[in-house]
Amino acid sequence: MLNRAVVIGVGHYLPERVVPNSHFESFLDTSNEWIVSRSGIERRHFAAEGEMTSDLAANAARAALAHAGLEANDIDAIVLATSTADLTFPSAATMVQAKLGMERGFAFDIQAVCAGFVYALGTANALIVAGQARRVLVIGAETFSRLMDWTDRGTCVLFGDGAGAVVLEARPGTDSPSDRGILAVDLNSDGRHRDLLYVDGGMTTGATGHLRMEGKEVFRHAVEKLAQTAETALERAGLSAADVDWIVPHQANLRIIKATAQKFGFGLDKVVLTVQDHGNTSAASIPLALSVGVERGQIKPGDLVVTEAIGGGLAWGAVVLRW
């Protein structure tokens with residue numbers, strides 16, 4: 001019988017410090033109006049000194065486990081999407097495993113920048129379909145505030161910190177689009193576009209570096225590729241845009257989200273939006289939005305949800321799932 005990876009729990013965590021757009025006016029040539037008009041972002045959260053990505057991830061994981069009514073040792077695997085792991089190694093996922101008191105199973109990180117959570121969902125789905133895991137904790141967590149160049153007004157106002165998590169469980173399916181769980185995955189990358197979005201540090205420089213972005217080019221690729229990958233995933237699921245209840249996009253920029261929704265013929269009433277409150281939290285943005293969407297009462301059991309994201313690499317993809 002076919003296994004489906006069904007979401008049975010969801011949770012999120014945001015650092016206590018809230019940073020409004022006005023924060024940047026004291027040291028940058030910018031304003032609240034400028035930031036909102038170009039991104040839709042009004043505020044974001046920054047991690048406290050000493051508060052690491054694995055801390056954010058563990059807090060989101062605890063919330064998701066509680067929502068699922070499970071303990072850490074009920075989980076077979078942790079897949080953590082992040083570009084801001086605490087250390088070069090070991091993986092942040094193993095640190096989360098220890099913080100949760102999970103003494104079994106396996107844990108590893110996935111690095112696909114803003115597309116990381118979509119890649120992580122696809123990987124967790126494959127583990128469950130293959131029978132290698134029954135329950136997988138999938139987390140997106142980032143502390144992007146530590147990669148910012150605070151003199152670059154085009155990037156530093158866009159990003160925030162946070163974490164979101166879902167618990168996936170193997171449930172029997174009928175190979176029908178009416179099944180609950182992950183119905184289709186579409187993943188893509190094109191390394192020729194590396195210079196459009198990257199961090200200018202790492203092993204080659206011996207320093208962490210700062211985020212660099214060609215905003216106009218990223219925007220152009222995002223609108224084209226996000227609509228395309230979502231359409232492909234829906235086709236693989238045997239569904240169409242008319243079947244979709246909610247789009248839960250990567251929360252990078254309100255203009256990208258609007259443009260992508262328009263390509264589907266959707267209004268924002270079908271889109272779960274958190275970008276105004278969280279900024280771009282990279283791999284954390286989709287699980288954050290899923291958790292907030294459930295908390296708000298937007299996403300309900302049986303709803304067809306499409307998640308899509310694009311990030312550095314370029315890497316992009318979409319997942320179609322029935323809640």
# chains A, B, ... in the order shown; residues from 1 in each chain; ligands from 1
$ residues_around --residues "stretch 114-117 of chain A" --least-positions-apart "3" --cutoff "8 Å" --atoms "only C-alpha atoms" --output "MDAnalysis selection string"
chainID A and resid 80:82 110:111 120:121 138:140 250 281:287 308:312 315:317
$ write_last_selection --atoms "N, CA and C atoms" --output "PDB file, in the first residue's frame"
ATOM      1  N   LEU A  80      16.437  19.354   8.845  1.00  0.00           N
ATOM      2  CA  LEU A  80      16.461  20.785   9.171  1.00  0.00           C
ATOM      3  C   LEU A  80      16.995  21.585   7.988  1.00  0.00           C
ATOM      4  N   ALA A  81      16.175  22.471   7.457  1.00  0.00           N
ATOM      5  CA  ALA A  81      16.591  23.357   6.374  1.00  0.00           C
ATOM      6  C   ALA A  81      17.126  24.658   6.965  1.00  0.00           C
ATOM      7  N   THR A  82      18.390  24.970   6.672  1.00  0.00           N
ATOM      8  CA  THR A  82      18.976  26.222   7.152  1.00  0.00           C
ATOM      9  C   THR A  82      20.210  26.563   6.333  1.00  0.00           C
ATOM     10  N   ILE A 110      19.704  20.391   5.502  1.00  0.00           N
ATOM     11  CA  ILE A 110      19.602  20.619   4.057  1.00  0.00           C
ATOM     12  C   ILE A 110      19.849  22.093   3.824  1.00  0.00           C
ATOM     13  N   GLN A 111      20.668  22.411   2.826  1.00  0.00           N
ATOM     14  CA  GLN A 111      20.994  23.809   2.529  1.00  0.00           C
ATOM     15  C   GLN A 111      20.579  24.125   1.096  1.00  0.00           C
ATOM     16  N   ALA A 120      13.466  20.225   1.936  1.00  0.00           N
ATOM     17  CA  ALA A 120      13.375  19.374   3.127  1.00  0.00           C
ATOM     18  C   ALA A 120      12.086  18.564   3.137  1.00  0.00           C
ATOM     19  N   LEU A 121      10.977  19.188   2.750  1.00  0.00           N
ATOM     20  CA  LEU A 121       9.710  18.458   2.655  1.00  0.00           C
ATOM     21  C   LEU A 121       9.806  17.337   1.633  1.00  0.00           C
ATOM     22  N   VAL A 138      10.257  18.019  10.269  1.00  0.00           N
ATOM     23  CA  VAL A 138      10.844  18.860   9.223  1.00  0.00           C
ATOM     24  C   VAL A 138      10.825  20.302   9.721  1.00  0.00           C
ATOM     25  N   ILE A 139      12.006  20.911   9.759  1.00  0.00           N
ATOM     26  CA  ILE A 139      12.163  22.244  10.358  1.00  0.00           C
ATOM     27  C   ILE A 139      12.823  23.183   9.361  1.00  0.00           C
ATOM     28  N   GLY A 140      12.391  24.437   9.368  1.00  0.00           N
ATOM     29  CA  GLY A 140      13.119  25.510   8.701  1.00  0.00           C
ATOM     30  C   GLY A 140      13.486  26.532   9.757  1.00  0.00           C
ATOM     31  N   HIS A 250       6.943  31.238  -0.232  1.00  0.00           N
ATOM     32  CA  HIS A 250       8.079  31.824   0.468  1.00  0.00           C
ATOM     33  C   HIS A 250       7.800  33.306   0.650  1.00  0.00           C
ATOM     34  N   THR A 281      12.440  35.288   6.121  1.00  0.00           N
ATOM     35  CA  THR A 281      13.149  34.398   7.055  1.00  0.00           C
ATOM     36  C   THR A 281      13.710  33.178   6.336  1.00  0.00           C
ATOM     37  N   SER A 282      13.927  33.300   5.029  1.00  0.00           N
ATOM     38  CA  SER A 282      14.570  32.269   4.214  1.00  0.00           C
ATOM     39  C   SER A 282      13.870  30.922   4.410  1.00  0.00           C
ATOM     40  N   ALA A 283      14.607  29.875   4.774  1.00  0.00           N
ATOM     41  CA  ALA A 283      14.024  28.538   4.864  1.00  0.00           C
ATOM     42  C   ALA A 283      12.954  28.424   5.941  1.00  0.00           C
ATOM     43  N   ALA A 284      12.899  29.385   6.848  1.00  0.00           N
ATOM     44  CA  ALA A 284      11.882  29.342   7.907  1.00  0.00           C
ATOM     45  C   ALA A 284      10.541  29.909   7.464  1.00  0.00           C
ATOM     46  N   SER A 285      10.502  30.600   6.337  1.00  0.00           N
ATOM     47  CA  SER A 285       9.305  31.395   6.037  1.00  0.00           C
ATOM     48  C   SER A 285       8.079  30.547   5.731  1.00  0.00           C
ATOM     49  N   ILE A 286       8.235  29.449   4.984  1.00  0.00           N
ATOM     50  CA  ILE A 286       7.060  28.627   4.672  1.00  0.00           C
ATOM     51  C   ILE A 286       6.524  27.908   5.909  1.00  0.00           C
ATOM     52  N   PRO A 287       7.358  27.222   6.717  1.00  0.00           N
ATOM     53  CA  PRO A 287       6.787  26.579   7.901  1.00  0.00           C
ATOM     54  C   PRO A 287       6.224  27.584   8.908  1.00  0.00           C
ATOM     55  N   GLU A 308       5.570  27.124  -2.413  1.00  0.00           N
ATOM     56  CA  GLU A 308       6.593  27.303  -3.442  1.00  0.00           C
ATOM     57  C   GLU A 308       7.609  28.324  -2.966  1.00  0.00           C
ATOM     58  N   ALA A 309       8.876  28.124  -3.405  1.00  0.00           N
ATOM     59  CA  ALA A 309       9.950  29.005  -2.941  1.00  0.00           C
ATOM     60  C   ALA A 309      11.093  29.006  -3.937  1.00  0.00           C
ATOM     61  N   ILE A 310      11.848  30.118  -3.930  1.00  0.00           N
ATOM     62  CA  ILE A 310      13.060  30.230  -4.728  1.00  0.00           C
ATOM     63  C   ILE A 310      14.133  30.902  -3.880  1.00  0.00           C
ATOM     64  N   GLY A 311      15.369  30.455  -4.035  1.00  0.00           N
ATOM     65  CA  GLY A 311      16.457  31.035  -3.261  1.00  0.00           C
ATOM     66  C   GLY A 311      17.772  30.930  -4.005  1.00  0.00           C
ATOM     67  N   GLY A 312      18.837  31.304  -3.322  1.00  0.00           N
ATOM     68  CA  GLY A 312      20.160  31.283  -3.913  1.00  0.00           C
ATOM     69  C   GLY A 312      20.495  29.929  -4.497  1.00  0.00           C
ATOM     70  N   ALA A 315      17.932  27.947  -6.604  1.00  0.00           N
ATOM     71  CA  ALA A 315      17.219  26.717  -6.285  1.00  0.00           C
ATOM     72  C   ALA A 315      15.758  27.069  -6.075  1.00  0.00           C
ATOM     73  N   TRP A 316      14.863  26.258  -6.623  1.00  0.00           N
ATOM     74  CA  TRP A 316      13.442  26.555  -6.465  1.00  0.00           C
ATOM     75  C   TRP A 316      12.619  25.268  -6.538  1.00  0.00           C
ATOM     76  N   GLY A 317      11.375  25.351  -6.073  1.00  0.00           N
ATOM     77  CA  GLY A 317      10.540  24.169  -6.097  1.00  0.00           C
ATOM     78  C   GLY A 317       9.196  24.410  -5.456  1.00  0.00           C
TER      79      GLY A 317
END
$ select_by_dssp --residues "stretch 139-179 of chain A" --states "strand (DSSP E)" --output "list in words"
Ile139, Gly140, Ala141, Glu142, Thr143, Asp161, Gly162, Ala163, Gly164, Ala165, Val166, Val167, Leu168, Glu169, Ala170, Arg171 and Pro172 of chain A
$ write_last_selection --atoms "N, CA and C atoms" --output "PDB file, in the first residue's frame"
ATOM      1  N   ILE A 139      12.006  20.911   9.759  1.00  0.00           N
ATOM      2  CA  ILE A 139      12.163  22.244  10.358  1.00  0.00           C
ATOM      3  C   ILE A 139      12.823  23.183   9.361  1.00  0.00           C
ATOM      4  N   GLY A 140      12.391  24.437   9.368  1.00  0.00           N
ATOM      5  CA  GLY A 140      13.119  25.510   8.701  1.00  0.00           C
ATOM      6  C   GLY A 140      13.486  26.532   9.757  1.00  0.00           C
ATOM      7  N   ALA A 141      14.764  26.897   9.850  1.00  0.00           N
ATOM      8  CA  ALA A 141      15.195  27.835  10.895  1.00  0.00           C
ATOM      9  C   ALA A 141      16.352  28.673  10.382  1.00  0.00           C
ATOM     10  N   GLU A 142      16.323  29.973  10.696  1.00  0.00           N
ATOM     11  CA  GLU A 142      17.370  30.876  10.210  1.00  0.00           C
ATOM     12  C   GLU A 142      17.625  32.009  11.197  1.00  0.00           C
ATOM     13  N   THR A 143      18.892  32.455  11.203  1.00  0.00           N
ATOM     14  CA  THR A 143      19.264  33.714  11.867  1.00  0.00           C
ATOM     15  C   THR A 143      19.987  34.574  10.827  1.00  0.00           C
ATOM     16  N   ASP A 161      14.664  36.732  11.480  1.00  0.00           N
ATOM     17  CA  ASP A 161      15.004  35.444  12.073  1.00  0.00           C
ATOM     18  C   ASP A 161      13.737  34.738  12.557  1.00  0.00           C
ATOM     19  N   GLY A 162      13.771  33.416  12.538  1.00  0.00           N
ATOM     20  CA  GLY A 162      12.627  32.652  13.029  1.00  0.00           C
ATOM     21  C   GLY A 162      12.755  31.192  12.681  1.00  0.00           C
ATOM     22  N   ALA A 163      11.752  30.413  13.079  1.00  0.00           N
ATOM     23  CA  ALA A 163      11.753  28.980  12.797  1.00  0.00           C
ATOM     24  C   ALA A 163      10.328  28.459  12.751  1.00  0.00           C
ATOM     25  N   GLY A 164      10.123  27.465  11.919  1.00  0.00           N
ATOM     26  CA  GLY A 164       8.842  26.771  11.837  1.00  0.00           C
ATOM     27  C   GLY A 164       9.094  25.293  11.650  1.00  0.00           C
ATOM     28  N   ALA A 165       8.126  24.464  12.023  1.00  0.00           N
ATOM     29  CA  ALA A 165       8.315  23.016  11.946  1.00  0.00           C
ATOM     30  C   ALA A 165       6.996  22.315  11.672  1.00  0.00           C
ATOM     31  N   VAL A 166       7.097  21.181  10.995  1.00  0.00           N
ATOM     32  CA  VAL A 166       5.944  20.298  10.822  1.00  0.00           C
ATOM     33  C   VAL A 166       6.368  18.880  11.181  1.00  0.00           C
ATOM     34  N   VAL A 167       5.414  18.097  11.660  1.00  0.00           N
ATOM     35  CA  VAL A 167       5.617  16.668  11.884  1.00  0.00           C
ATOM     36  C   VAL A 167       4.876  15.921  10.785  1.00  0.00           C
ATOM     37  N   LEU A 168       5.610  15.096  10.038  1.00  0.00           N
ATOM     38  CA  LEU A 168       5.019  14.248   9.007  1.00  0.00           C
ATOM     39  C   LEU A 168       4.933  12.822   9.519  1.00  0.00           C
ATOM     40  N   GLU A 169       3.823  12.150   9.215  1.00  0.00           N
ATOM     41  CA  GLU A 169       3.642  10.755   9.621  1.00  0.00           C
ATOM     42  C   GLU A 169       3.167   9.941   8.430  1.00  0.00           C
ATOM     43  N   ALA A 170       3.679   8.724   8.303  1.00  0.00           N
ATOM     44  CA  ALA A 170       3.238   7.822   7.242  1.00  0.00           C
ATOM     45  C   ALA A 170       1.814   7.364   7.506  1.00  0.00           C
ATOM     46  N   ARG A 171       0.966   7.578   6.517  1.00  0.00           N
ATOM     47  CA  ARG A 171      -0.419   7.112   6.575  1.00  0.00           C
ATOM     48  C   ARG A 171      -0.737   6.406   5.252  1.00  0.00           C
ATOM     49  N   PRO A 172      -1.568   5.383   5.279  1.00  0.00           N
ATOM     50  CA  PRO A 172      -1.899   4.699   4.029  1.00  0.00           C
ATOM     51  C   PRO A 172      -2.665   5.609   3.073  1.00  0.00           C
TER      52      PRO A 172
END
$ closest_residue --among "A:Ala63, A:Arg4, A:Thr260, A:Glu235" --to "A:Arg220" --atoms "only C-alpha atoms"
A:Thr260
$ residues_around --residues "stretch 45-54 of chain A" --least-positions-apart "2" --cutoff "9 Å" --atoms "only C-alpha atoms" --output "ChimeraX atom specification"
/A:14-20,43,56-59,82,84-86,92-96,99,141-146,159-163,277-279
$ write_last_selection --atoms "C-alpha atoms" --output "PDB file, in the first residue's frame"
ATOM      1  CA  LEU A  14       9.980  33.878  16.767  1.00  0.00           C
ATOM      2  CA  PRO A  15      12.667  35.650  18.784  1.00  0.00           C
ATOM      3  CA  GLU A  16      11.371  38.166  21.330  1.00  0.00           C
ATOM      4  CA  ARG A  17      12.987  41.213  19.742  1.00  0.00           C
ATOM      5  CA  VAL A  18      10.691  42.895  17.210  1.00  0.00           C
ATOM      6  CA  VAL A  19      12.424  45.336  14.844  1.00  0.00           C
ATOM      7  CA  PRO A  20      10.144  47.862  13.099  1.00  0.00           C
ATOM      8  CA  ARG A  43       8.607  44.546  10.982  1.00  0.00           C
ATOM      9  CA  LEU A  56      15.032  28.691  17.347  1.00  0.00           C
ATOM     10  CA  ALA A  57      14.636  25.342  15.604  1.00  0.00           C
ATOM     11  CA  ALA A  58      14.285  23.407  18.855  1.00  0.00           C
ATOM     12  CA  ASN A  59      11.581  25.784  20.109  1.00  0.00           C
ATOM     13  CA  THR A  82      18.976  26.222   7.152  1.00  0.00           C
ATOM     14  CA  THR A  84      22.759  29.710   9.045  1.00  0.00           C
ATOM     15  CA  ALA A  85      23.755  26.629  11.039  1.00  0.00           C
ATOM     16  CA  ASP A  86      25.460  27.306  14.378  1.00  0.00           C
ATOM     17  CA  ALA A  92      22.268  22.022  13.447  1.00  0.00           C
ATOM     18  CA  ALA A  93      19.810  19.122  13.177  1.00  0.00           C
ATOM     19  CA  THR A  94      21.909  16.966  15.510  1.00  0.00           C
ATOM     20  CA  MET A  95      22.052  19.879  17.961  1.00  0.00           C
ATOM     21  CA  VAL A  96      18.249  20.065  17.851  1.00  0.00           C
ATOM     22  CA  LYS A  99      18.115  19.708  22.773  1.00  0.00           C
ATOM     23  CA  ALA A 141      15.195  27.835  10.895  1.00  0.00           C
ATOM     24  CA  GLU A 142      17.370  30.876  10.210  1.00  0.00           C
ATOM     25  CA  THR A 143      19.264  33.714  11.867  1.00  0.00           C
ATOM     26  CA  PHE A 144      19.818  35.777   8.711  1.00  0.00           C
ATOM     27  CA  SER A 145      20.348  38.935  10.774  1.00  0.00           C
ATOM     28  CA  ARG A 146      23.909  37.664  11.248  1.00  0.00           C
ATOM     29  CA  PHE A 159      15.470  39.743   6.360  1.00  0.00           C
ATOM     30  CA  GLY A 160      14.489  38.415   9.768  1.00  0.00           C
ATOM     31  CA  ASP A 161      15.004  35.444  12.073  1.00  0.00           C
ATOM     32  CA  GLY A 162      12.627  32.652  13.029  1.00  0.00           C
ATOM     33  CA  ALA A 163      11.753  28.980  12.797  1.00  0.00           C
ATOM     34  CA  ASP A 277       5.321  40.719  10.267  1.00  0.00           C
ATOM     35  CA  HIS A 278       8.348  38.470   9.767  1.00  0.00           C
ATOM     36  CA  GLY A 279      10.269  39.789   6.761  1.00  0.00           C
TER      37      GLY A 279
END
$ atom_distance --atom1 "atom CA of A:Ile256" --atom2 "atom CA of A:Arg296"
22.9 Å
$ closest_residue --among "A:Asp149, A:Asp175, A:Glu71, A:Asp76" --to "A:His210" --atoms "only C-alpha atoms"
A:Asp149
$ atom_distance --atom1 "atom CA of A:Met213" --atom2 "atom CA of A:Leu197"
4.4 Å
$ atom_distance --atom1 "atom CA of A:Asp55" --atom2 "atom CA of A:Leu100"
10.2 Å
$ closest_residue --among "A:Val305, A:Ala184, A:Ala77, A:Met148" --to "A:Gln132" --atoms "only C-alpha atoms"
A:Ala77
$ residues_around --residues "A:Pro301" --least-positions-apart "6" --cutoff "9 Å" --atoms "only C-alpha atoms" --output "list in words"
Arg180, Arg322 and Trp323 of chain A
$ write_last_selection --atoms "N, CA and C atoms" --output "mmCIF file, in the first residue's frame"
data_model
loop_
_atom_site.group_PDB
_atom_site.id
_atom_site.type_symbol
_atom_site.label_atom_id
_atom_site.label_comp_id
_atom_site.auth_asym_id
_atom_site.auth_seq_id
_atom_site.Cartn_x
_atom_site.Cartn_y
_atom_site.Cartn_z
ATOM 1 N N ARG A 180 -4.957 12.596 1.892
ATOM 2 C CA ARG A 180 -4.266 13.567 2.734
ATOM 3 C C ARG A 180 -2.764 13.365 2.567
ATOM 4 N N ARG A 322 -2.285 17.891 0.768
ATOM 5 C CA ARG A 322 -3.631 18.045 1.334
ATOM 6 C C ARG A 322 -3.514 17.970 2.841
ATOM 7 N N TRP A 323 -4.010 19.011 3.499
ATOM 8 C CA TRP A 323 -3.854 19.139 4.951
ATOM 9 C C TRP A 323 -4.680 18.090 5.683
#
$ select_by_dssp --residues "stretch 51-89 of chain A" --states "helix (DSSP H, G or I)" --output "short mmCIF file (atom, residue, chain, number, x, y, z; two decimals) with C-alpha atoms, in the first residue's frame"
data_model
loop_
_atom_site.label_atom_id
_atom_site.label_comp_id
_atom_site.auth_asym_id
_atom_site.auth_seq_id
_atom_site.Cartn_x
_atom_site.Cartn_y
_atom_site.Cartn_z
CA THR A 53 19.63 28.85 14.89
CA SER A 54 19.43 25.50 16.70
CA ASP A 55 17.69 27.23 19.64
CA LEU A 56 15.03 28.69 17.35
CA ALA A 57 14.64 25.34 15.60
CA ALA A 58 14.29 23.41 18.85
CA ASN A 59 11.58 25.78 20.11
CA ALA A 60 9.59 25.43 16.87
CA ALA A 61 10.06 21.66 17.02
CA ARG A 62 8.71 21.50 20.59
CA ALA A 63 5.61 23.43 19.48
CA ALA A 64 5.05 21.08 16.53
CA LEU A 65 5.51 17.98 18.69
CA ALA A 66 3.06 19.33 21.25
CA HIS A 67 0.54 20.06 18.48
CA ALA A 68 0.93 16.47 17.25
CA ALA A 72 10.77 13.59 20.75
CA ASN A 73 11.52 9.86 20.85
CA ASP A 74 8.42 9.17 18.77
#
$ closest_residue --among "A:Ser291, A:Leu254, A:Val244, A:Leu2" --to "A:Lys270" --atoms "only C-alpha atoms"
A:Val244
$ closest_residue --among "A:Phe108, A:Gly154, A:Trp246, A:Ala252" --to "A:Val294" --atoms "only C-alpha atoms"
A:Trp246
$ residues_around --residues "A:Lys263" --least-positions-apart "6" --cutoff "12 Å" --atoms "only C-alpha atoms" --output "list of chain:residue names"
A:Val223, A:Glu224, A:Lys225, A:Leu226, A:Ala227, A:Gln228, A:Ala230, A:Glu231, A:Ala241, A:Ile256, A:Ile257
$ write_last_selection --atoms "C-alpha atoms" --output "PDB file, in the first residue's frame"
ATOM      1  CA  VAL A 223       7.898  35.406 -10.726  1.00  0.00           C
ATOM      2  CA  GLU A 224       8.595  33.177 -13.725  1.00  0.00           C
ATOM      3  CA  LYS A 225       9.945  30.137 -11.900  1.00  0.00           C
ATOM      4  CA  LEU A 226       7.556  30.079  -8.928  1.00  0.00           C
ATOM      5  CA  ALA A 227       4.442  29.942 -11.101  1.00  0.00           C
ATOM      6  CA  GLN A 228       6.070  27.321 -13.319  1.00  0.00           C
ATOM      7  CA  ALA A 230       3.702  25.214  -8.801  1.00  0.00           C
ATOM      8  CA  GLU A 231       1.967  24.330 -12.089  1.00  0.00           C
ATOM      9  CA  ALA A 241      -5.172  25.692  -9.902  1.00  0.00           C
ATOM     10  CA  ILE A 256       6.640  38.752  -5.873  1.00  0.00           C
ATOM     11  CA  ILE A 257       3.799  37.059  -3.977  1.00  0.00           C
TER      12      ILE A 257
END
$ closest_residue --among "A:Gly9, A:Gly313, A:Gly69, A:Gly267" --to "A:Arg194" --atoms "only C-alpha atoms"
A:Gly313
$ residues_around --residues "A:Val248" --least-positions-apart "3" --cutoff "7 Å" --atoms "only C-alpha atoms" --output "number ranges by chain"
A: 271-272, 286, 289-290, 305-307
$ decode --residues "stretch 272-287 of chain A" --atoms "C-alpha atoms" --output "PDB file, in the first residue's frame"
ATOM      1  CA  VAL A 272      -1.322  32.997   3.554  1.00  0.00           C
ATOM      2  CA  LEU A 273       0.668  36.193   4.172  1.00  0.00           C
ATOM      3  CA  THR A 274       3.162  36.761   6.981  1.00  0.00           C
ATOM      4  CA  VAL A 275       5.851  38.794   5.185  1.00  0.00           C
ATOM      5  CA  GLN A 276       4.599  42.036   6.759  1.00  0.00           C
ATOM      6  CA  ASP A 277       5.321  40.719  10.267  1.00  0.00           C
ATOM      7  CA  HIS A 278       8.348  38.470   9.767  1.00  0.00           C
ATOM      8  CA  GLY A 279      10.269  39.789   6.761  1.00  0.00           C
ATOM      9  CA  ASN A 280      12.172  37.230   4.708  1.00  0.00           C
ATOM     10  CA  THR A 281      13.149  34.398   7.055  1.00  0.00           C
ATOM     11  CA  SER A 282      14.570  32.269   4.214  1.00  0.00           C
ATOM     12  CA  ALA A 283      14.024  28.538   4.864  1.00  0.00           C
ATOM     13  CA  ALA A 284      11.882  29.342   7.907  1.00  0.00           C
ATOM     14  CA  SER A 285       9.305  31.395   6.037  1.00  0.00           C
ATOM     15  CA  ILE A 286       7.060  28.627   4.672  1.00  0.00           C
ATOM     16  CA  PRO A 287       6.787  26.579   7.901  1.00  0.00           C
TER      17      PRO A 287
END
